[in-house]
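> What follows is structure13.pdb, PDB, C-alpha atoms and all ligand atoms.
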```
MODEL        1
ATOM      1  CA  MET A   1       0.000   0.000   0.000  1.00  0.00           C
ATOM      2  CA  PHE A   2       2.844   2.383   0.846  1.00  0.00           C
ATOM      3  CA  ARG A   3       5.106   1.173  -1.979  1.00  0.00           C
ATOM      4  CA  PRO A   4       4.468   4.071  -4.435  1.00  0.00           C
ATOM      5  CA  PHE A   5       5.132   6.604  -1.668  1.00  0.00           C
ATOM      6  CA  ALA A   6       8.301   4.725  -0.609  1.00  0.00           C
ATOM      7  CA  ASP A   7       9.533   4.690  -4.224  1.00  0.00           C
ATOM      8  CA  TRP A   8       8.935   8.439  -4.493  1.00  0.00           C
ATOM      9  CA  VAL A   9      10.857   9.118  -1.222  1.00  0.00           C
ATOM     10  CA  ALA A  10      13.743   6.941  -2.499  1.00  0.00           C
ATOM     11  CA  SER A  11      13.951   9.061  -5.670  1.00  0.00           C
ATOM     12  CA  THR A  12      14.206  12.430  -3.855  1.00  0.00           C
ATOM     13  CA  SER A  13      17.558  14.209  -3.824  1.00  0.00           C
ATOM     14  CA  LEU A  14      17.798  14.015  -0.004  1.00  0.00           C
ATOM     15  CA  SER A  15      17.358  10.219  -0.063  1.00  0.00           C
ATOM     16  CA  GLN A  16      19.851   9.948  -2.944  1.00  0.00           C
ATOM     17  CA  THR A  17      22.375  12.016  -0.948  1.00  0.00           C
ATOM     18  CA  PHE A  18      21.977   9.721   2.106  1.00  0.00           C
ATOM     19  CA  GLN A  19      22.267   6.627  -0.137  1.00  0.00           C
ATOM     20  CA  ASN A  20      25.421   7.933  -1.853  1.00  0.00           C
ATOM     21  CA  HIS A  21      27.251   8.737   1.413  1.00  0.00           C
ATOM     22  CA  LEU A  22      27.845   5.291   2.889  1.00  0.00           C
ATOM     23  CA  TRP A  23      28.633   6.583   6.399  1.00  0.00           C
ATOM     24  CA  VAL A  24      25.178   8.159   6.930  1.00  0.00           C
ATOM     25  CA  VAL A  25      23.109   5.032   7.737  1.00  0.00           C
ATOM     26  CA  PRO A  26      25.634   3.223  10.004  1.00  0.00           C
ATOM     27  CA  THR A  27      26.434   6.462  11.890  1.00  0.00           C
ATOM     28  CA  SER A  28      22.733   7.143  12.353  1.00  0.00           C
ATOM     29  CA  GLN A  29      22.196   3.520  13.501  1.00  0.00           C
ATOM     30  CA  ALA A  30      24.998   3.815  16.061  1.00  0.00           C
ATOM     31  CA  ILE A  31      23.457   6.985  17.552  1.00  0.00           C
ATOM     32  CA  HIS A  32      20.025   5.250  17.480  1.00  0.00           C
ATOM     33  CA  ILE A  33      21.428   2.378  19.561  1.00  0.00           C
ATOM     34  CA  VAL A  34      23.079   4.700  22.132  1.00  0.00           C
ATOM     35  CA  CYS A  35      19.754   6.532  22.571  1.00  0.00           C
ATOM     36  CA  ILE A  36      17.865   3.240  22.983  1.00  0.00           C
ATOM     37  CA  CYS A  37      20.239   2.487  25.895  1.00  0.00           C
ATOM     38  CA  VAL A  38      19.539   5.889  27.535  1.00  0.00           C
ATOM     39  CA  LEU A  39      15.773   5.595  27.046  1.00  0.00           C
ATOM     40  CA  PHE A  40      15.349   1.962  28.071  1.00  0.00           C
ATOM     41  CA  THR A  41      17.646   2.229  31.107  1.00  0.00           C
ATOM     42  CA  SER A  42      15.731   5.290  32.349  1.00  0.00           C
ATOM     43  CA  ALA A  43      12.364   3.577  31.803  1.00  0.00           C
ATOM     44  CA  LEU A  44      13.552   0.413  33.553  1.00  0.00           C
ATOM     45  CA  MET A  45      14.919   2.317  36.587  1.00  0.00           C
ATOM     46  CA  ILE A  46      11.548   4.037  37.061  1.00  0.00           C
ATOM     47  CA  ASN A  47       9.524   0.884  36.425  1.00  0.00           C
ATOM     48  CA  LEU A  48      11.556  -1.347  38.749  1.00  0.00           C
ATOM     49  CA  ARG A  49      11.216   1.315  41.452  1.00  0.00           C
ATOM     50  CA  LEU A  50       7.430   1.316  40.923  1.00  0.00           C
ATOM     51  CA  LEU A  51       7.455  -2.469  41.359  1.00  0.00           C
ATOM     52  CA  GLY A  52       9.525  -2.147  44.550  1.00  0.00           C
ATOM     53  CA  VAL A  53      12.528  -3.950  43.039  1.00  0.00           C
ATOM     54  CA  GLY A  54      16.138  -2.790  43.406  1.00  0.00           C
ATOM     55  CA  ALA A  55      17.592   0.440  44.832  1.00  0.00           C
ATOM     56  CA  SER A  56      15.282   2.517  47.005  1.00  0.00           C
ATOM     57  CA  GLY A  57      17.586   5.519  47.521  1.00  0.00           C
ATOM     58  CA  ARG A  58      15.542   7.979  45.482  1.00  0.00           C
ATOM     59  CA  SER A  59      11.787   8.436  45.719  1.00  0.00           C
ATOM     60  CA  ILE A  60       9.496   7.737  42.769  1.00  0.00           C
ATOM     61  CA  SER A  61       8.860  11.456  42.249  1.00  0.00           C
ATOM     62  CA  GLN A  62      12.615  12.254  42.312  1.00  0.00           C
ATOM     63  CA  LEU A  63      13.376   9.447  39.845  1.00  0.00           C
ATOM     64  CA  THR A  64      10.540  10.540  37.557  1.00  0.00           C
ATOM     65  CA  GLU A  65      11.578  14.199  37.660  1.00  0.00           C
ATOM     66  CA  ASN A  66      15.237  13.331  36.943  1.00  0.00           C
ATOM     67  CA  LEU A  67      14.837  10.577  34.333  1.00  0.00           C
ATOM     68  CA  VAL A  68      11.702  11.359  32.279  1.00  0.00           C
ATOM     69  CA  PRO A  69      13.366  14.452  30.687  1.00  0.00           C
ATOM     70  CA  TRP A  70      16.241  12.160  29.597  1.00  0.00           C
ATOM     71  CA  MET A  71      13.700   9.793  28.060  1.00  0.00           C
ATOM     72  CA  TRP A  72      12.251  12.685  26.002  1.00  0.00           C
ATOM     73  CA  ARG A  73      15.717  13.853  24.907  1.00  0.00           C
ATOM     74  CA  ALA A  74      16.633  10.304  23.825  1.00  0.00           C
ATOM     75  CA  LEU A  75      13.269   9.879  22.055  1.00  0.00           C
ATOM     76  CA  GLY A  76      13.848  13.157  20.188  1.00  0.00           C
ATOM     77  CA  VAL A  77      17.216  11.920  18.872  1.00  0.00           C
ATOM     78  CA  LEU A  78      15.668   8.505  18.061  1.00  0.00           C
ATOM     79  CA  LEU A  79      13.023  10.286  16.004  1.00  0.00           C
ATOM     80  CA  LEU A  80      15.725  12.246  14.174  1.00  0.00           C
ATOM     81  CA  THR A  81      18.036   9.276  13.490  1.00  0.00           C
ATOM     82  CA  GLY A  82      15.059   7.016  12.673  1.00  0.00           C
ATOM     83  CA  THR A  83      13.849   9.595  10.143  1.00  0.00           C
ATOM     84  CA  VAL A  84      17.311   9.723   8.525  1.00  0.00           C
ATOM     85  CA  GLN A  85      17.295   5.918   8.148  1.00  0.00           C
ATOM     86  CA  THR A  86      13.719   5.954   6.831  1.00  0.00           C
ATOM     87  CA  ILE A  87      14.564   8.568   4.195  1.00  0.00           C
ATOM     88  CA  ALA A  88      17.726   6.651   3.231  1.00  0.00           C
ATOM     89  CA  GLU A  89      15.919   3.276   2.932  1.00  0.00           C
ATOM     90  CA  PRO A  90      12.175   4.029   2.664  1.00  0.00           C
ATOM     91  CA  VAL A  91      11.115   0.834   0.884  1.00  0.00           C
ATOM     92  CA  ARG A  92      12.764  -1.355   3.534  1.00  0.00           C
ATOM     93  CA  GLN A  93      10.789   0.468   6.271  1.00  0.00           C
ATOM     94  CA  PHE A  94       7.407   1.269   4.743  1.00  0.00           C
ATOM     95  CA  VAL A  95       6.619  -2.173   3.266  1.00  0.00           C
ATOM     96  CA  THR A  96       6.793  -4.133   6.510  1.00  0.00           C
ATOM     97  CA  PRO A  97       3.922  -4.032   9.044  1.00  0.00           C
ATOM     98  CA  VAL A  98       6.572  -4.431  11.763  1.00  0.00           C
ATOM     99  CA  PHE A  99       7.723  -0.826  11.132  1.00  0.00           C
ATOM    100  CA  TRP A 100       4.138   0.476  11.546  1.00  0.00           C
ATOM    101  CA  ALA A 101       3.555  -1.671  14.641  1.00  0.00           C
ATOM    102  CA  LYS A 102       6.706  -0.143  16.123  1.00  0.00           C
ATOM    103  CA  MET A 103       5.490   3.415  15.385  1.00  0.00           C
ATOM    104  CA  ALA A 104       2.050   2.699  16.902  1.00  0.00           C
ATOM    105  CA  MET A 105       3.605   1.287  20.071  1.00  0.00           C
ATOM    106  CA  ILE A 106       5.955   4.297  20.392  1.00  0.00           C
ATOM    107  CA  ALA A 107       2.937   6.647  20.206  1.00  0.00           C
ATOM    108  CA  MET A 108       1.114   4.517  22.795  1.00  0.00           C
ATOM    109  CA  VAL A 109       3.939   4.281  25.341  1.00  0.00           C
ATOM    110  CA  ALA A 110       4.863   7.979  24.919  1.00  0.00           C
ATOM    111  CA  THR A 111       1.237   8.944  25.707  1.00  0.00           C
ATOM    112  CA  MET A 112       1.238   6.631  28.736  1.00  0.00           C
ATOM    113  CA  THR A 113       4.509   8.194  29.966  1.00  0.00           C
ATOM    114  CA  VAL A 114       3.152  11.756  29.627  1.00  0.00           C
ATOM    115  CA  ALA A 115       0.064  10.782  31.672  1.00  0.00           C
ATOM    116  CA  PHE A 116       2.180   8.966  34.277  1.00  0.00           C
ATOM    117  CA  ALA A 117       4.622  11.898  34.739  1.00  0.00           C
ATOM    118  CA  ARG A 118       1.681  14.331  35.102  1.00  0.00           C
ATOM    119  CA  LYS A 119       0.006  12.161  37.746  1.00  0.00           C
ATOM    120  CA  VAL A 120       3.246  11.803  39.760  1.00  0.00           C
ATOM    121  CA  ARG A 121       3.852  15.578  39.624  1.00  0.00           C
ATOM    122  CA  ALA A 122       0.271  16.283  40.740  1.00  0.00           C
ATOM    123  CA  ASP A 123       0.398  13.976  43.784  1.00  0.00           C
ATOM    124  CA  ALA A 124       4.055  13.224  44.618  1.00  0.00           C
ATOM    125  CA  ALA A 125       3.465  12.421  48.302  1.00  0.00           C
ATOM    126  CA  ARG A 126       0.968   9.636  47.513  1.00  0.00           C
ATOM    127  CA  TRP A 127       3.230   8.056  44.894  1.00  0.00           C
ATOM    128  CA  ASP A 128       6.243   8.198  47.227  1.00  0.00           C
ATOM    129  CA  ALA A 129       4.464   6.559  50.190  1.00  0.00           C
ATOM    130  CA  ALA A 130       5.287   2.855  49.794  1.00  0.00           C
ATOM    131  CA  GLY A 131       2.113   1.605  51.491  1.00  0.00           C
ATOM    132  CA  THR A 132      -0.286   3.695  49.415  1.00  0.00           C
ATOM    133  CA  ARG A 133       1.293   3.362  45.979  1.00  0.00           C
ATOM    134  CA  PRO A 134      -1.562   3.230  43.437  1.00  0.00           C
ATOM    135  CA  SER A 135      -2.124  -0.191  41.869  1.00  0.00           C
ATOM    136  CA  ALA A 136      -2.206   1.632  38.509  1.00  0.00           C
ATOM    137  CA  ALA A 137       1.531   2.234  39.109  1.00  0.00           C
ATOM    138  CA  ARG A 138       2.277  -1.485  38.850  1.00  0.00           C
ATOM    139  CA  ALA A 139       0.129  -1.801  35.746  1.00  0.00           C
ATOM    140  CA  PHE A 140       1.998   1.123  34.159  1.00  0.00           C
ATOM    141  CA  ALA A 141       5.383  -0.372  35.139  1.00  0.00           C
ATOM    142  CA  VAL A 142       4.631  -3.783  33.619  1.00  0.00           C
ATOM    143  CA  GLY A 143       2.765  -2.427  30.568  1.00  0.00           C
ATOM    144  CA  SER A 144       5.319   0.202  29.595  1.00  0.00           C
ATOM    145  CA  SER A 145       8.283  -2.177  30.135  1.00  0.00           C
ATOM    146  CA  LEU A 146       6.647  -4.753  27.831  1.00  0.00           C
ATOM    147  CA  LEU A 147       5.934  -2.065  25.217  1.00  0.00           C
ATOM    148  CA  TRP A 148       9.554  -0.793  25.227  1.00  0.00           C
ATOM    149  CA  ILE A 149      10.806  -4.380  24.841  1.00  0.00           C
ATOM    150  CA  ALA A 150       8.344  -5.013  21.974  1.00  0.00           C
ATOM    151  CA  ILE A 151       9.528  -1.782  20.275  1.00  0.00           C
ATOM    152  CA  ILE A 152      13.163  -2.935  20.493  1.00  0.00           C
ATOM    153  CA  VAL A 153      12.237  -6.374  19.097  1.00  0.00           C
ATOM    154  CA  CYS A 154      10.308  -4.734  16.223  1.00  0.00           C
ATOM    155  CA  GLY A 155      13.285  -2.437  15.513  1.00  0.00           C
ATOM    156  CA  ARG A 156      15.490  -5.492  14.996  1.00  0.00           C
ATOM    157  CA  PHE A 157      12.863  -7.423  13.024  1.00  0.00           C
ATOM    158  CA  ILE A 158      12.350  -4.696  10.383  1.00  0.00           C
ATOM    159  CA  ALA A 159      15.544  -5.829   8.659  1.00  0.00           C
ATOM    160  CA  TYR A 160      14.443  -9.480   8.568  1.00  0.00           C
ATOM    161  CA  THR A 161      10.797  -9.001   7.537  1.00  0.00           C
ATOM    162  CA  SER A 162      11.179  -6.422   4.735  1.00  0.00           C
ATOM    163  CA  ALA A 163      12.338  -9.109   2.291  1.00  0.00           C
ATOM    164  CA  PHE A 164       8.955 -10.879   2.598  1.00  0.00           C
ATOM    165  CA  TYR A 165       7.102  -7.792   1.381  1.00  0.00           C
ATOM    166  CA  THR A 166       9.360  -6.533  -1.440  1.00  0.00           C
TER
HETATM  167  C1  LIG B   1      10.879   7.710  17.368  1.00  0.00           C
HETATM  168  C2  LIG B   1      10.835   7.246  16.159  1.00  0.00           C
HETATM  169  C3  LIG B   1      11.664   6.140  15.601  1.00  0.00           C
HETATM  170  C4  LIG B   1      11.868   5.926  14.272  1.00  0.00           C
HETATM  171  C5  LIG B   1      11.320   6.784  13.131  1.00  0.00           C
HETATM  172  C6  LIG B   1      12.704   4.749  14.145  1.00  0.00           C
HETATM  173  C7  LIG B   1      13.124   4.211  12.948  1.00  0.00           C
HETATM  174  C8  LIG B   1      14.030   3.191  12.820  1.00  0.00           C
HETATM  175  C9  LIG B   1      14.594   2.718  11.585  1.00  0.00           C
HETATM  176  C10 LIG B   1      14.270   3.277  10.224  1.00  0.00           C
HETATM  177  C11 LIG B   1      15.421   1.687  11.866  1.00  0.00           C
HETATM  178  C12 LIG B   1      16.256   0.860  10.864  1.00  0.00           C
HETATM  179  C13 LIG B   1      15.576  -0.470  10.627  1.00  0.00           C
HETATM  180  C14 LIG B   1      16.310  -1.258   9.571  1.00  0.00           C
HETATM  181  O1  LIG B   1      16.405  -0.770   8.449  1.00  0.00           O
HETATM  182  O2  LIG B   1      16.782  -2.362   9.880  1.00  0.00           O
HETATM  183  C15 LIG B   1      15.412   1.481  13.292  1.00  0.00           C
HETATM  184  C16 LIG B   1      16.135   0.516  13.955  1.00  0.00           C
HETATM  185  C17 LIG B   1      15.960   0.207  15.268  1.00  0.00           C
HETATM  186  N1  LIG B   1      15.184   0.902  16.173  1.00  0.00           N
HETATM  187 FE1  LIG B   1      14.118   2.606  15.787  1.00  0.00          FE
HETATM  188  N2  LIG B   1      12.994   4.256  15.386  1.00  0.00           N
HETATM  189  C18 LIG B   1      12.383   5.062  16.305  1.00  0.00           C
HETATM  190  C19 LIG B   1      12.411   4.896  17.658  1.00  0.00           C
HETATM  191  C20 LIG B   1      12.903   3.782  18.300  1.00  0.00           C
HETATM  192  C21 LIG B   1      12.729   3.473  19.700  1.00  0.00           C
HETATM  193  C22 LIG B   1      11.976   4.363  20.699  1.00  0.00           C
HETATM  194  C23 LIG B   1      13.356   2.289  19.937  1.00  0.00           C
HETATM  195  C24 LIG B   1      13.479   1.482  21.208  1.00  0.00           C
HETATM  196  C25 LIG B   1      13.406   1.936  22.434  1.00  0.00           C
HETATM  197  C26 LIG B   1      13.910   1.827  18.697  1.00  0.00           C
HETATM  198  C27 LIG B   1      14.593   0.636  18.527  1.00  0.00           C
HETATM  199  C28 LIG B   1      15.230   0.253  17.371  1.00  0.00           C
HETATM  200  C29 LIG B   1      16.098  -0.918  17.242  1.00  0.00           C
HETATM  201  C30 LIG B   1      16.443  -1.937  18.343  1.00  0.00           C
HETATM  202  C31 LIG B   1      16.563  -0.924  15.925  1.00  0.00           C
HETATM  203  C32 LIG B   1      17.540  -1.931  15.289  1.00  0.00           C
HETATM  204  C33 LIG B   1      18.914  -1.314  15.396  1.00  0.00           C
HETATM  205  C34 LIG B   1      19.950  -2.089  14.609  1.00  0.00           C
HETATM  206  O3  LIG B   1      19.866  -3.309  14.556  1.00  0.00           O
HETATM  207  O4  LIG B   1      20.857  -1.443  14.046  1.00  0.00           O
HETATM  208  N3  LIG B   1      13.619   2.758  17.723  1.00  0.00           N
HETATM  209  N4  LIG B   1      14.560   2.412  13.850  1.00  0.00           N
ENDMDL
END
```
Would you put the structure from the file into structure tokens?

Amino acid sequence: MFRPFADWVASTSLSQTFQNHLWVVPTSQAIHIVCICVLFTSALMINLRLLGVGASGRSISQLTENLVPWMWRALGVLLLTGTVQTIAEPVRQFVTPVFWAKMAMIAMVATMTVAFARKVRADAARWDAAGTRPSAARAFAVGSSLLWIAIIVCGRFIAYTSAFYT
């Protein structure tokens, strides 16, 4: 369905420039991977804390305030580097449903994270009190961890599924 659009993107001068400079895609991929580390580590630190696992030095509200901005910075660079790779190799990305599943899950987990950070900011004392931690916190921790893992798996599988659809 997206093939004609992908072919058009591949023929643009920007895509041709990226394709003709062989360092662009691997450099962009390397930065993508570093940002995945920053984002996933931050998400995992918050989520394990919500589940009561691991270090308890910092409160949930402190962790959220410190780490969520790093998640947004990393996501911003992921969007930039992901766009570079998409423009360089549009057919490889657009033909596979795995790419679109990944995008949908990123939108979903980003929305969940915005809502979570707002709720923590609005009622920090309740979230920090171990005995009264909302049960929704555990659901968010498990759900968002699974979504980040699924996004990483999809990222890897794009390369191996595109061949089926081209
Ligand atoms: C925000 C928008 C994003 C876009 C547009 C994007 C796009 C891309 C593209 C085009 C690729 C190359 C796929 C290929 O040709 O093999 C890729 C790879 C990958 N992405 Fe993303 N991505 C984004 C965010 C993320 C996020 C948030 C994660 C995980 C937390 C992620 C994880 C991965 C992984 C694991 C790979 C494979 C890396 C490799 O094997 O070199 N991406 N992404």
> Report as a PyMOL selection string all protein, DNA and RNA residues lying within 6 Å of Ile158 (chain A), evaluated on only C-alpha atoms, omitting residues in the same chain fewer than 3 positions from it.
chain A and resi 98+155+161
> Rounded to one decimal, what separation in Å do you get between CA of Leu44 (chain A) and atom C24 of ligand LIG 1 (chain B)?
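The value is 12.4 Å.
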> Would you give me, as JSON lines, each residue of chain A having an atom within 8 Å of an atom of ligand LIG 1 (chain B), along with its shortest atom pair and that distance in Å to one decimal, using only C-alpha atoms and all ligand atoms and sorting by chain and residue number?

```
{"residue": "A:Pro26", "atom": "CA", "partner": "B:LIG1", "partner_atom": "O4", "distance": 7.8}
{"residue": "A:Gln29", "atom": "CA", "partner": "B:LIG1", "partner_atom": "O4", "distance": 5.2}
{"residue": "A:Ala30", "atom": "CA", "partner": "B:LIG1", "partner_atom": "O4", "distance": 7.0}
{"residue": "A:His32", "atom": "CA", "partner": "B:LIG1", "partner_atom": "N1", "distance": 6.6}
{"residue": "A:Ile33", "atom": "CA", "partner": "B:LIG1", "partner_atom": "C33", "distance": 6.1}
{"residue": "A:Cys35", "atom": "CA", "partner": "B:LIG1", "partner_atom": "C25", "distance": 7.8}
{"residue": "A:Ile36", "atom": "CA", "partner": "B:LIG1", "partner_atom": "C25", "distance": 4.7}
{"residue": "A:Cys37", "atom": "CA", "partner": "B:LIG1", "partner_atom": "C25", "distance": 7.7}
{"residue": "A:Leu39", "atom": "CA", "partner": "B:LIG1", "partner_atom": "C25", "distance": 6.3}
{"residue": "A:Phe40", "atom": "CA", "partner": "B:LIG1", "partner_atom": "C25", "distance": 6.0}
{"residue": "A:Leu75", "atom": "CA", "partner": "B:LIG1", "partner_atom": "C1", "distance": 5.7}
{"residue": "A:Gly76", "atom": "CA", "partner": "B:LIG1", "partner_atom": "C1", "distance": 6.8}
{"residue": "A:Val77", "atom": "CA", "partner": "B:LIG1", "partner_atom": "C1", "distance": 7.8}
{"residue": "A:Leu78", "atom": "CA", "partner": "B:LIG1", "partner_atom": "C19", "distance": 4.9}
{"residue": "A:Leu79", "atom": "CA", "partner": "B:LIG1", "partner_atom": "C1", "distance": 3.6}
{"residue": "A:Leu80", "atom": "CA", "partner": "B:LIG1", "partner_atom": "C5", "distance": 7.1}
{"residue": "A:Thr81", "atom": "CA", "partner": "B:LIG1", "partner_atom": "C6", "distance": 7.0}
{"residue": "A:Gly82", "atom": "CA", "partner": "B:LIG1", "partner_atom": "C7", "distance": 3.4}
{"residue": "A:Thr83", "atom": "CA", "partner": "B:LIG1", "partner_atom": "C5", "distance": 4.8}
{"residue": "A:Val84", "atom": "CA", "partner": "B:LIG1", "partner_atom": "C10", "distance": 7.3}
{"residue": "A:Gln85", "atom": "CA", "partner": "B:LIG1", "partner_atom": "C10", "distance": 4.5}
{"residue": "A:Thr86", "atom": "CA", "partner": "B:LIG1", "partner_atom": "C10", "distance": 4.4}
{"residue": "A:Glu89", "atom": "CA", "partner": "B:LIG1", "partner_atom": "O1", "distance": 6.9}
{"residue": "A:Pro90", "atom": "CA", "partner": "B:LIG1", "partner_atom": "C10", "distance": 7.9}
{"residue": "A:Arg92", "atom": "CA", "partner": "B:LIG1", "partner_atom": "O1", "distance": 6.1}
{"residue": "A:Gln93", "atom": "CA", "partner": "B:LIG1", "partner_atom": "C10", "distance": 6.0}
{"residue": "A:Phe99", "atom": "CA", "partner": "B:LIG1", "partner_atom": "C7", "distance": 7.6}
{"residue": "A:Lys102", "atom": "CA", "partner": "B:LIG1", "partner_atom": "C20", "distance": 7.7}
{"residue": "A:Met103", "atom": "CA", "partner": "B:LIG1", "partner_atom": "C2", "distance": 6.6}
{"residue": "A:Ile106", "atom": "CA", "partner": "B:LIG1", "partner_atom": "C22", "distance": 6.0}
{"residue": "A:Trp148", "atom": "CA", "partner": "B:LIG1", "partner_atom": "C25", "distance": 5.5}
{"residue": "A:Ile149", "atom": "CA", "partner": "B:LIG1", "partner_atom": "C25", "distance": 7.2}
{"residue": "A:Ile151", "atom": "CA", "partner": "B:LIG1", "partner_atom": "C24", "distance": 5.2}
{"residue": "A:Ile152", "atom": "CA", "partner": "B:LIG1", "partner_atom": "C30", "distance": 4.0}
{"residue": "A:Val153", "atom": "CA", "partner": "B:LIG1", "partner_atom": "C30", "distance": 6.2}
{"residue": "A:Cys154", "atom": "CA", "partner": "B:LIG1", "partner_atom": "C29", "distance": 7.0}
{"residue": "A:Gly155", "atom": "CA", "partner": "B:LIG1", "partner_atom": "C31", "distance": 3.6}
{"residue": "A:Arg156", "atom": "CA", "partner": "B:LIG1", "partner_atom": "C32", "distance": 4.1}
{"residue": "A:Phe157", "atom": "CA", "partner": "B:LIG1", "partner_atom": "O2", "distance": 7.1}
{"residue": "A:Ile158", "atom": "CA", "partner": "B:LIG1", "partner_atom": "O2", "distance": 5.0}
{"residue": "A:Ala159", "atom": "CA", "partner": "B:LIG1", "partner_atom": "O2", "distance": 3.9}
{"residue": "A:Tyr160", "atom": "CA", "partner": "B:LIG1", "partner_atom": "O2", "distance": 7.6}
```
> Taking all atoms listed in the file into account, name the residue in A:Met108, A:Ala129, A:Ala43, A:Ile87 that is nearest to Ser145 (chain A).
A:Ala43
> Could you tell me which of A:Trp100, A:Ala150, A:Ala88, A:Arg138 comes closest to Ser13 (chain A) if we count all atoms listed in the file?
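Smallest separation from Ser13 (chain A) among the options: A:Ala88.
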> Which residues are close to Thr64 (chain A), i.e. within 8 Å by only C-alpha atoms, leaving aside same-chain residues fewer than 2 positions away? Reply as a list in words.
Ile46, Ile60, Ser61, Gln62, Asn66, Leu67, Val68, Ala117 and Val120 of chain A
> Counting all atoms listed in the file, which of A:Val9, A:Val38, A:Ile31, A:Leu50 gets nearest to Asp128 (chain A)?
A:Leu50
> Compile the contact shell of Leu48 (chain A) as number ranges by chain: residues with an atom at most 10 Å away, counting only C-alpha atoms, same-chain residues fewer than 6 positions apart removed.
A: 54-56, 138, 141-142, 145
> One decimal, Å: what's the distance from CA of Thr12 (chain A) over to CA of Val95 (chain A), could you say?
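CA of Val95 (chain A) lies at a distance of 17.9 Å from CA of Thr12 (chain A).
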> Could you check the closest approach to Met1 (chain A) for each of A:Thr166, A:Gly52, A:Val24, A:Ala74 and tell me which residue wins, using only C-alpha atoms?
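Going through A:Thr166, A:Gly52, A:Val24, A:Ala74 one by one, the smallest distance to Met1 (chain A) is for A:Thr166.
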> Between CA of Phe140 (chain A) and CA of Arg58 (chain A), measure the distance and give it in Å to one decimal.
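These atoms are spaced 18.9 Å apart.
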